[in-house]
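Enquirer: Hey, dropping data05.tsv in here, TSV, C-alpha atoms:
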chain	number	residue	atom	x	y	z
A	1	MET	CA	24.99	7.06	-1.94
A	2	ARG	CA	23.61	4.96	0.82
A	3	GLY	CA	23.98	6.11	4.38
A	4	PRO	CA	26.13	3.96	6.65
A	5	PRO	CA	24.52	1.48	9.02
A	6	CYS	CA	23.34	3.05	12.24
A	7	PRO	CA	25.06	1.16	15.07
A	8	GLY	CA	22.83	0.30	18.00
A	9	GLN	CA	19.63	1.21	16.17
A	10	SER	CA	16.78	-1.28	16.09
A	11	CYS	CA	13.16	-1.28	14.99
A	12	ALA	CA	10.36	-3.32	16.48
A	13	MET	CA	8.39	-5.82	14.47
A	14	ALA	CA	4.99	-6.89	15.74
A	15	GLU	CA	4.37	-10.61	16.15
A	16	THR	CA	0.83	-11.80	16.81
A	17	GLY	CA	0.43	-13.88	19.94
A	18	GLU	CA	-1.52	-17.10	20.30
A	19	GLU	CA	-4.22	-15.43	22.37
A	20	GLU	CA	-5.72	-13.57	19.45
A	21	MET	CA	-4.80	-13.88	15.80
A	22	MET	CA	-4.95	-10.48	14.14
A	23	SER	CA	-6.15	-9.61	10.66
A	24	ALA	CA	-3.91	-7.78	8.19
A	25	GLU	CA	-5.87	-4.61	8.83
A	26	ALA	CA	-5.40	-4.87	12.59
A	27	SER	CA	-1.64	-4.90	12.20
A	28	GLY	CA	-1.83	-1.25	11.25
A	29	PHE	CA	0.84	-1.08	8.56
A	30	SER	CA	0.77	-4.28	6.52
A	31	ASP	CA	1.00	-2.20	3.35
A	32	MET	CA	3.90	-3.59	1.30
A	33	SER	CA	6.01	-0.92	-0.28
A	34	ASP	CA	6.94	-3.23	-3.16
A	35	SER	CA	3.39	-4.25	-3.84
A	36	GLU	CA	3.46	-4.97	-7.54
A	37	PHE	CA	3.88	-8.70	-8.05
A	38	LEU	CA	2.96	-8.34	-11.71
A	39	GLU	CA	5.54	-9.28	-14.26
A	40	ILE	CA	5.34	-6.46	-16.78
A	41	LEU	CA	5.66	-7.49	-20.38
A	42	ASP	CA	8.05	-5.84	-22.74
A	43	LEU	CA	6.69	-3.50	-25.40
A	44	GLU	CA	6.49	-6.09	-28.18
A	45	GLU	CA	4.41	-8.46	-26.06
A	46	ALA	CA	2.18	-5.58	-25.00
A	47	ASN	CA	1.44	-4.65	-28.62
A	48	GLU	CA	0.66	-8.27	-29.53
A	49	LEU	CA	-1.87	-8.46	-26.70
A	50	GLY	CA	-3.49	-5.11	-27.36
A	51	ALA	CA	-6.63	-6.57	-28.94
A	52	SER	CA	-7.33	-9.21	-26.30
A	53	LEU	CA	-9.70	-7.21	-24.09
A	54	SER	CA	-12.93	-8.25	-25.81
A	55	LYS	CA	-12.06	-11.94	-25.96
A	56	PRO	CA	-14.44	-13.77	-23.58
A	57	GLY	CA	-13.04	-15.89	-20.79
A	58	PRO	CA	-14.17	-19.50	-20.38
A	59	SER	CA	-15.82	-19.12	-17.01
A	60	SER	CA	-17.28	-16.76	-14.45
A	61	GLU	CA	-16.15	-18.98	-11.62
A	62	LEU	CA	-12.87	-19.84	-9.94
A	63	SER	CA	-12.06	-23.09	-8.20
A	64	ARG	CA	-10.96	-23.40	-4.60
A	65	LYS	CA	-8.28	-25.83	-3.52
A	66	ASP	CA	-10.98	-28.49	-3.10
A	67	ASP	CA	-12.06	-27.88	-6.74
A	68	LYS	CA	-15.44	-26.50	-5.67
A	69	PRO	CA	-16.42	-23.43	-7.68
A	70	ILE	CA	-16.34	-19.97	-6.17
A	71	SER	CA	-19.17	-17.82	-7.48
A	72	LEU	CA	-18.45	-14.15	-7.83
A	73	PRO	CA	-20.52	-11.87	-5.61
A	74	ASN	CA	-23.32	-9.95	-7.21
A	75	TRP	CA	-22.06	-6.36	-7.06
A	76	LYS	CA	-25.34	-4.87	-8.19
A	77	ARG	CA	-27.35	-6.39	-5.36
A	78	ARG	CA	-24.76	-5.65	-2.67
A	79	LEU	CA	-23.68	-2.17	-3.76
A	80	ASP	CA	-27.25	-0.98	-3.55
A	81	ILE	CA	-26.89	-1.48	0.20
A	82	LEU	CA	-23.22	-1.16	1.11
A	83	SER	CA	-20.27	0.84	-0.14
A	84	PRO	CA	-17.04	-1.13	-0.81
A	85	MET	CA	-15.57	0.29	2.41
A	86	GLU	CA	-18.51	-1.21	4.31
A	87	ARG	CA	-18.65	-4.39	2.26
A	88	PHE	CA	-14.98	-5.21	2.82
A	89	HIS	CA	-15.16	-4.08	6.49
A	90	LEU	CA	-12.42	-1.47	5.98
A	91	LYS	CA	-11.71	1.40	8.32
A	92	TYR	CA	-8.96	2.82	6.15
A	93	LEU	CA	-7.09	2.09	2.94
A	94	TYR	CA	-3.48	1.38	2.07
A	95	VAL	CA	-1.55	3.52	-0.38
A	96	THR	CA	-1.05	0.41	-2.49
A	97	ASP	CA	-4.84	-0.06	-2.75
A	98	LEU	CA	-5.04	3.22	-4.62
A	99	SER	CA	-1.89	2.65	-6.67
A	100	THR	CA	-3.29	-0.73	-7.75
A	101	GLN	CA	-6.41	1.09	-8.91
A	102	ASN	CA	-4.09	3.21	-11.03
A	103	TRP	CA	-2.99	-0.03	-12.73
A	104	CYS	CA	-6.39	-1.75	-12.98
A	105	GLU	CA	-9.22	-0.96	-10.62
A	106	LEU	CA	-11.17	-4.10	-11.37
A	107	GLN	CA	-8.13	-6.27	-10.65
A	108	MET	CA	-7.91	-4.66	-7.23
A	109	VAL	CA	-11.62	-5.36	-6.63
A	110	TYR	CA	-11.28	-9.02	-7.62
A	111	GLY	CA	-8.33	-9.25	-5.24
A	112	LYS	CA	-10.54	-8.03	-2.40
A	113	GLU	CA	-13.43	-10.28	-3.38
A	114	LEU	CA	-11.24	-13.37	-3.77
A	115	PRO	CA	-8.43	-13.03	-1.22
A	116	GLY	CA	-5.65	-15.56	-1.39
A	117	PHE	CA	-6.12	-16.27	-5.11
A	118	LEU	CA	-2.48	-15.79	-6.15
A	119	THR	CA	-0.58	-17.89	-8.64
A	120	PRO	CA	2.62	-19.56	-7.35
A	121	GLU	CA	4.68	-17.60	-9.86
A	122	LYS	CA	3.43	-14.24	-8.64
A	123	ALA	CA	3.75	-15.35	-5.02
A	124	ASP	CA	7.42	-16.15	-5.68
A	125	VAL	CA	7.96	-12.70	-7.20
A	126	LEU	CA	6.34	-11.08	-4.18
A	127	ASP	CA	8.39	-13.15	-1.72
A	128	THR	CA	11.62	-12.28	-3.50
A	129	GLY	CA	10.75	-8.58	-3.49
A	130	ALA	CA	9.98	-8.72	0.22
A	131	SER	CA	13.30	-10.42	0.91
A	132	ILE	CA	15.20	-7.69	-0.92
A	133	HIS	CA	13.36	-5.04	1.06
A	134	LEU	CA	14.18	-6.81	4.32
A	135	ALA	CA	17.85	-7.06	3.41
A	136	ARG	CA	17.92	-3.34	2.65
A	137	GLU	CA	16.27	-2.55	5.98
A	138	LEU	CA	18.72	-4.72	7.92
A	139	GLU	CA	21.61	-2.71	6.46
A	140	LEU	CA	20.61	0.18	8.72
A	141	HIS	CA	19.12	-1.44	11.81
A	142	ASP	CA	18.22	-4.71	13.49
A	143	LEU	CA	14.68	-5.95	13.93
A	144	VAL	CA	13.28	-6.82	17.35
A	145	THR	CA	10.19	-9.02	17.53
A	146	ILE	CA	7.50	-7.82	19.97
A	147	PRO	CA	4.60	-10.20	20.81
A	148	ILE	CA	1.21	-8.50	20.47
A	149	THR	CA	-2.40	-9.59	20.95
A	150	ASN	CA	-4.52	-6.69	19.66
A	151	LYS	CA	-4.56	-3.87	17.12
A	152	GLU	CA	-3.73	-1.21	19.74
A	153	ASP	CA	-0.44	-2.99	20.49
A	154	ALA	CA	0.29	-3.34	16.78
A	155	TRP	CA	-0.11	0.38	16.20
A	156	ALA	CA	1.85	1.07	19.40
A	157	VAL	CA	4.84	-0.81	17.97
A	158	LYS	CA	4.72	1.32	14.83
A	159	PHE	CA	4.45	4.50	16.87
A	160	LEU	CA	7.50	3.45	18.88
A	161	ASN	CA	9.35	2.92	15.61
A	162	ILE	CA	8.43	6.43	14.47
A	163	LEU	CA	9.68	7.88	17.76
A	164	THR	CA	13.00	6.10	17.18
A	165	MET	CA	13.23	6.91	13.48
A	166	ILE	CA	12.75	10.69	13.73
A	167	PRO	CA	15.97	11.36	15.68
A	168	THR	CA	17.78	8.72	13.61
A	169	LEU	CA	16.94	10.57	10.39
A	170	GLN	CA	18.11	13.83	11.90
A	171	SER	CA	21.39	12.41	13.24
A	172	GLU	CA	22.31	9.79	10.62
A	173	GLY	CA	20.64	11.32	7.57
A	174	CYS	CA	19.06	8.08	6.37
A	175	LEU	CA	16.40	5.57	7.39
A	176	ARG	CA	14.22	2.91	5.83
A	177	GLU	CA	10.67	1.61	6.20
A	178	PHE	CA	9.10	4.75	7.68
A	179	PRO	CA	5.35	4.37	8.44
A	180	VAL	CA	3.03	7.12	7.23
A	181	PHE	CA	-0.67	7.74	7.86
A	182	GLY	CA	-3.17	10.51	7.32
A	183	GLU	CA	-6.39	11.67	5.75
A	184	VAL	CA	-6.36	12.55	2.05
A	185	GLU	CA	-9.55	13.80	0.40
A	186	GLY	CA	-11.67	12.42	3.23
A	187	VAL	CA	-10.17	8.90	3.29
A	188	PHE	CA	-7.60	7.71	5.83
A	189	LEU	CA	-4.54	6.14	4.21
A	190	VAL	CA	-1.57	4.24	5.62
A	191	GLY	CA	1.65	3.16	4.00
A	192	VAL	CA	5.37	2.58	4.39
A	193	ILE	CA	8.07	4.70	2.74
A	194	ASP	CA	11.02	2.60	1.60
A	195	GLU	CA	13.76	5.13	2.27
A	196	LEU	CA	14.27	8.72	3.38
A	197	GLN	CA	17.65	10.39	3.26
A	198	TYR	CA	19.20	13.83	3.09
A	199	THR	CA	21.08	14.68	-0.09
A	200	ALA	CA	24.39	16.54	-0.24
A	201	LYS	CA	22.34	19.73	-0.70
A	202	GLY	CA	20.45	19.06	2.53
A	203	GLU	CA	17.19	18.20	0.76
A	204	LEU	CA	15.01	15.33	1.96
A	205	GLU	CA	14.74	12.62	-0.69
A	206	LEU	CA	12.28	9.72	-0.84
A	207	THR	CA	13.45	6.59	-2.64
A	208	GLU	CA	11.03	3.81	-3.55
A	209	LEU	CA	12.52	0.40	-4.36
A	210	LYS	CA	10.83	-1.63	-7.08
A	211	THR	CA	12.12	-5.08	-7.91
A	212	ARG	CA	11.88	-6.56	-11.40
A	213	LYS	CA	11.76	-10.23	-12.36
A	214	ARG	CA	13.23	-9.41	-15.75
A	215	PRO	CA	16.29	-7.21	-16.29
A	216	LEU	CA	14.19	-4.59	-18.06
A	217	LEU	CA	12.77	-1.24	-17.05
A	218	PRO	CA	8.96	-1.20	-16.84
A	219	LEU	CA	6.62	0.24	-19.41
A	220	ASP	CA	5.16	3.72	-18.97
A	221	ALA	CA	1.92	2.32	-17.52
A	222	GLN	CA	3.82	0.73	-14.64
A	223	LYS	CA	5.91	3.86	-14.14
A	224	LYS	CA	2.73	5.94	-13.85
A	225	LYS	CA	1.45	3.61	-11.14
A	226	ASP	CA	4.74	3.88	-9.24
A	227	CYS	CA	4.91	7.66	-9.66
A	228	PHE	CA	1.42	8.01	-8.23
A	229	GLN	CA	2.38	5.83	-5.26
A	230	VAL	CA	5.43	7.89	-4.27
A	231	SER	CA	3.55	11.15	-4.85
A	232	LEU	CA	0.87	9.95	-2.46
A	233	TYR	CA	3.54	9.09	0.11
A	234	LYS	CA	4.79	12.67	-0.13
A	235	CYS	CA	1.29	14.08	0.41
A	236	ILE	CA	0.86	12.04	3.58
A	237	PHE	CA	4.37	12.55	4.98
A	238	ASP	CA	4.28	16.30	4.35
A	239	ALA	CA	0.92	16.55	6.13
A	240	MET	CA	2.36	14.64	9.11
A	241	VAL	CA	5.37	16.93	9.59
A	242	GLN	CA	3.27	20.06	8.97
A	243	GLY	CA	0.83	19.19	11.76
A	244	LYS	CA	-2.09	18.59	9.40
A	245	VAL	CA	-2.70	15.03	10.65
A	246	THR	CA	-4.49	15.04	14.00
A	247	PRO	CA	-4.95	12.44	16.76
A	248	ALA	CA	-8.70	12.92	16.46
A	249	SER	CA	-8.63	11.95	12.77
A	250	LEU	CA	-6.42	8.93	13.49
A	251	ILE	CA	-8.69	7.63	16.27
A	252	HIS	CA	-11.87	8.36	14.33
A	253	HIS	CA	-10.82	6.42	11.24
A	254	THR	CA	-8.95	3.53	12.83
A	255	LYS	CA	-11.38	3.05	15.73
A	256	LEU	CA	-8.43	2.58	18.07
A	257	CYS	CA	-9.02	2.77	21.81
A	258	PRO	CA	-6.50	5.31	23.19
A	259	ASP	CA	-7.27	4.38	26.83
A	260	LYS	CA	-6.40	0.73	26.30
A	261	PRO	CA	-3.34	-0.26	28.38
A	262	LEU	CA	-0.35	-1.43	26.37
A	263	GLY	CA	0.59	-5.10	26.56
A	264	PRO	CA	3.50	-6.08	28.83
A	265	SER	CA	5.88	-6.78	25.93
A	266	VAL	CA	5.14	-3.42	24.31
A	267	GLN	CA	5.58	-1.59	27.61
A	268	ARG	CA	8.93	-3.27	28.21
A	269	HIS	CA	10.14	-2.33	24.75
A	270	ALA	CA	8.97	1.26	25.28
A	271	GLN	CA	10.83	1.48	28.59
A	272	GLN	CA	14.00	0.14	26.97
A	273	GLY	CA	13.72	2.98	24.45
A	274	GLY	CA	13.34	5.53	27.22
A	275	PHE	CA	9.59	6.10	26.80
A	276	SER	CA	7.41	6.06	29.92
A	277	VAL	CA	3.99	5.16	28.52
A	278	LYS	CA	1.14	3.02	29.76
A	279	SER	CA	-1.59	3.41	27.16
A	280	LEU	CA	-1.88	3.86	23.42
A	281	GLY	CA	-3.07	7.42	24.03
A	282	ASP	CA	0.22	8.22	25.76
A	283	LEU	CA	2.11	7.05	22.68
A	284	ILE	CA	-0.15	8.92	20.26
A	285	GLU	CA	0.48	12.12	22.19
A	286	LEU	CA	4.24	11.53	22.09
A	287	VAL	CA	4.28	10.77	18.36
A	288	PHE	CA	2.35	13.86	17.35
A	289	LEU	CA	4.41	16.03	19.68
A	290	SER	CA	7.60	14.61	18.21
A	291	LEU	CA	6.41	15.18	14.63
A	292	THR	CA	5.48	18.78	15.46
A	293	LEU	CA	8.70	19.66	17.29
A	294	SER	CA	11.17	17.72	15.16
A	295	ASP	CA	11.59	20.37	12.44
A	296	LEU	CA	11.51	17.61	9.83
A	297	PRO	CA	11.17	19.21	6.38
A	298	VAL	CA	8.74	18.21	3.67
A	299	ILE	CA	10.04	15.83	1.01
A	300	ASP	CA	11.90	17.65	-1.75
A	301	THR	CA	12.72	14.86	-4.20
A	302	LEU	CA	10.89	11.69	-5.26
A	303	LYS	CA	12.93	8.87	-6.79
A	304	ILE	CA	12.07	5.34	-7.90
A	305	GLU	CA	14.85	2.74	-8.14
A	306	TYR	CA	14.27	-0.36	-10.27
A	307	ILE	CA	16.32	-3.43	-9.33
A	308	HIS	CA	16.66	-6.82	-11.01
A	309	GLN	CA	15.62	-9.46	-8.48
A	310	GLU	CA	18.08	-12.19	-9.47
A	311	THR	CA	21.24	-10.08	-9.70
A	312	ALA	CA	20.35	-7.10	-7.47
A	313	THR	CA	21.53	-4.89	-10.33
A	314	VAL	CA	20.10	-1.38	-10.49
A	315	LEU	CA	18.30	-1.18	-13.83
A	316	GLY	CA	17.60	2.52	-13.63
A	317	THR	CA	16.08	5.33	-11.63
A	318	GLU	CA	13.11	7.59	-12.23
A	319	ILE	CA	12.88	11.12	-10.85
A	320	VAL	CA	9.22	11.96	-10.25
A	321	ALA	CA	7.78	15.41	-10.89
A	322	PHE	CA	5.29	16.04	-8.09
A	323	ASP	CA	1.93	17.55	-9.07
A	324	GLU	CA	-0.28	17.85	-5.99
A	325	LYS	CA	-3.38	18.89	-7.93
A	326	GLU	CA	-3.11	15.84	-10.18
A	327	VAL	CA	-2.50	13.49	-7.25
A	328	ARG	CA	-5.49	14.78	-5.31
A	329	GLY	CA	-7.66	14.55	-8.41
A	330	LYS	CA	-6.76	10.88	-8.81
A	331	VAL	CA	-7.40	10.23	-5.13
A	332	GLN	CA	-10.87	11.76	-5.46
A	333	HIS	CA	-11.60	9.54	-8.47
A	334	TYR	CA	-10.36	6.34	-6.82
A	335	THR	CA	-12.04	6.96	-3.47
A	336	ALA	CA	-15.36	7.60	-5.24
A	337	TYR	CA	-15.42	3.85	-5.87
A	338	TRP	CA	-14.69	3.05	-2.21
A	339	MET	CA	-17.47	5.37	-1.07
A	340	GLY	CA	-19.92	3.62	-3.42
A	341	HIS	CA	-20.42	6.61	-5.71
A	342	ARG	CA	-19.50	4.74	-8.90
A	343	GLU	CA	-18.87	1.23	-10.22
A	344	PRO	CA	-15.36	-0.24	-10.63
A	345	GLN	CA	-13.65	0.16	-13.98
A	346	GLY	CA	-11.30	-2.05	-15.97
A	347	VAL	CA	-8.50	-1.01	-18.28
A	348	ASP	CA	-8.87	0.99	-21.49
A	349	MET	CA	-8.65	-0.86	-24.79
A	350	GLU	CA	-5.13	0.41	-25.48
A	351	GLU	CA	-3.94	-1.10	-22.20
A	352	ALA	CA	-5.61	-4.47	-22.66
A	353	TRP	CA	-2.16	-6.10	-22.61
A	354	LYS	CA	-2.30	-5.77	-18.82
A	355	CYS	CA	-4.81	-8.63	-18.81
A	356	ARG	CA	-2.00	-10.98	-19.85
A	357	THR	CA	-0.52	-11.03	-16.34
A	358	CYS	CA	-3.79	-10.83	-14.41
A	359	SER	CA	-4.91	-13.74	-12.24
A	360	TYR	CA	-8.56	-12.92	-12.91
A	361	THR	CA	-8.54	-12.70	-16.71
A	362	ASP	CA	-10.76	-15.78	-17.13
A	363	ILE	CA	-13.55	-14.38	-14.96
A	364	CYS	CA	-13.24	-10.67	-15.71
A	365	GLU	CA	-16.64	-9.25	-16.63
A	366	TRP	CA	-15.00	-6.09	-17.99
A	367	LYS	CA	-12.94	-8.10	-20.45
A	368	LYS	CA	-15.86	-10.30	-21.48
A	369	GLY	CA	-18.02	-7.23	-21.91
A	370	GLY	CA	-15.52	-5.59	-24.24
A	371	GLY	CA	-14.80	-2.69	-21.90
A	372	VAL	CA	-17.99	-2.52	-19.82
A	373	LEU	CA	-19.28	-4.58	-16.91
A	374	SER	CA	-21.77	-7.22	-17.98
A	375	SER	CA	-25.43	-6.77	-17.06
A	376	THR	CA	-25.22	-9.56	-14.49
A	377	LEU	CA	-22.55	-7.86	-12.41
A	378	GLU	CA	-22.91	-4.20	-13.25
A	379	PRO	CA	-23.35	-2.36	-9.95
A	380	GLN	CA	-25.65	0.56	-9.39
A	381	ALA	CA	-23.40	3.15	-7.83
A	382	LYS	CA	-24.69	4.98	-4.79
A	383	LYS	CA	-25.40	8.63	-5.40
A	384	ALA	CA	-22.98	11.04	-3.81
A	385	LYS	CA	-24.57	12.87	-0.96
The structure in this file should be written as structure tokens.

Expert:
Amino acid sequence: MRGPPCPGQSCAMAETGEEEMMSAEASGFSDMSDSEFLEILDLEEANELGASLSKPGPSSELSRKDDKPISLPNWKRRLDILSPMERFHLKYLYVTDLSTQNWCELQMVYGKELPGFLTPEKADVLDTGASIHLARELELHDLVTIPITNKEDAWAVKFLNILTMIPTLQSEGCLREFPVFGEVEGVFLVGVIDELQYTAKGELELTELKTRKRPLLPLDAQKKKDCFQVSLYKCIFDAMVQGKVTPASLIHHTKLCPDKPLGPSVQRHAQQGGFSVKSLGDLIELVFLSLTLSDLPVIDTLKIEYIHQETATVLGTEIVAFDEKEVRGKVQHYTAYWMGHREPQGVDMEEAWKCRTCSYTDICEWKKGGGVLSSTLEPQAKKAK
């Protein structure tokens, strides 16, 4: 059962000011919890498409809006020098970056190389999913827009939300859109948990909402991706409440400036919430102190809820068996790509049906190479030190 709305509760939402437009990374937590805008095929369609991996695409170029071709970057030449983290100018990763690798690593790479290349159909699916998430969030609290002009203010807004959410969870037993962050296997990850609530047994349960364009449950491949995502959320959240995430790690990876004064709008919002803070460092200290002293438990249960977008009907739920060793092993494998220790990989032959819904199928070197990167784009992975 859903917890009742929390009267008087509100969460802040950062809004970039005109003085300085911020990137998605600077906003701190732009990770979308309902990230998959793929329309998963049913089993019959998947079987029909199973042999399509080795079929060459017509082109190795995409067209921009002005019809001029976009040439793919030469991974071999660039990876000899820079790791993907360096090449994409990333300080940290989102949980959905890694869960997308669980679906198709090469698709994730193309998405980074060619940002904004999204078909209208998939954009509509994503927008609808985001709207459903927003409606769910508004059931429990209002949203207050806070103008910001830099990444320190953006993170400050999220920290203020955490400070508000912790006592709300303890008093009301339910909250939604809880930000998480922490270092896992040497890489700093951020994400947003859809819902946390206490069960009748007093156990803390995480629920992840996944919307579906069709009124069908996903195939096992999609479920595995989703299960990995929620398991990774548990790893990060548990580390936060156990005191294993440190301010030093946060500042080191995000390159935030703790001495930077908070913007006027952020300071006003903090004061309205009863927090006397002047700098980001003040807020960081409060957040970590609150996490340590809150007595929040680790997550006991992981649940995925699949909902039909058009009717809002619950199609089914999946209870996830958490295996920390398996999760950390996958994280090590996926982050090896980001560190430049290996080349990106496409899907296995038996999962070639995934290519059917991919925006990059016509340019995919893995598909054209029959399961290997072509010689023109095959990167030379940097040796692990």

Enquirer: Using all atoms listed in the file, which of A:Trp366, A:Gly281, A:Leu196, A:Thr211 sits nearest Glu343 (chain A)?

Expert: A:Trp366

Enquirer: Please compute the CA of Arg328 (chain A)-CA of Leu90 (chain A) distance, one decimal, in Å.

Expert: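 Atom-to-atom, CA of Arg328 (chain A) and CA of Leu90 (chain A) are spaced 21.0 Å apart.
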
Enquirer: Between CA of Cys358 (chain A) and CA of Ala312 (chain A), what is the spacing in Å?

Expert: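 Distance reported for this atom pair: 25.4 Å.
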
Enquirer: Tell me which protein, DNA and RNA residues are within 12 Å of Trp338 (chain A), counting only C-alpha atoms, leaving out same-chain ones fewer than 4 positions away, and put them as a PyMOL selection string.

Expert: chain A and resi 79+82-93+97-98+101+105+108-109+112+186-188+331-334+342-344+381-382+384

Enquirer: Excluding Gly202 (chain A) and any residue of its chain fewer than 4 positions from it, enumerate the residues within 10 Å of it, using all atoms listed in the file, and give them as a list in words.

Expert: Gly173, Gln197, Tyr198 and Asp300 of chain A

Enquirer: Have a look at A:Leu315, A:Leu256, A:Leu262, A:Leu232 and name the one nearest to Lys330 (chain A); count all atoms listed in the file.

Expert: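 Using all atoms listed in the file, the shortest distance to Lys330 (chain A) belongs to A:Leu232.
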
Enquirer: For Lys223 (chain A), which residue out of A:Glu318, A:Asp362, A:Glu326, A:Glu208 is the nearest one, using all atoms listed in the file?

Expert: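 Comparing A:Glu318, A:Asp362, A:Glu326, A:Glu208 against Lys223 (chain A), the winner is A:Glu318.
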
Enquirer: Which one is closest to Phe288 (chain A): A:Thr361, A:Val192, A:Phe181, A:Leu175? Count only C-alpha atoms.

Expert: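 For Phe288 (chain A), the nearest of the candidates is A:Phe181.
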
Enquirer: Nearest residue to Ile363 (chain A) out of A:Thr313, A:His308, A:Leu106, A:Ala156, using only C-alpha atoms?

Expert: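 Ranked by minimum distance to Ile363 (chain A), first place goes to A:Leu106.
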
Enquirer: Name the closest residue to Gln229 (chain A) among the candidates A:Lys368, A:Lys325, A:Arg268, A:Lys303; distances are taken between atoms, counting only C-alpha atoms.

Expert: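 Closest to Gln229 (chain A) of all the choices is A:Lys303.
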
Enquirer: So how many Å separate CA of Ala270 (chain A) and CA of Cys257 (chain A), to one decimal?

Expert: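 Atom-to-atom, CA of Ala270 (chain A) and CA of Cys257 (chain A) are spaced 18.4 Å apart.
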
Enquirer: Taking all atoms of region 316-321 of chain A that the file lists, what box with edges along x, y and z, padded by 6 Å per side, do you get, with centre and edge lengths in Å to one decimal, as JSON?

Expert:
{"center_x": 12.7, "center_y": 9.0, "center_z": -11.9, "size_x": 21.8, "size_y": 24.9, "size_z": 15.4}

Enquirer: Need to verify the contact set: Val95 (chain A), 12 Å, only C-alpha atoms, exclusion of same-chain residues closer than 4 positions in sequence. Can you return it as JSON, numbers by chain?

Expert: {"A": [29, 30, 31, 32, 33, 34, 35, 99, 100, 101, 102, 179, 180, 181, 182, 183, 184, 187, 188, 189, 190, 191, 192, 193, 225, 226, 228, 229, 230, 231, 232, 233, 234, 235, 236, 331, 334, 335]}
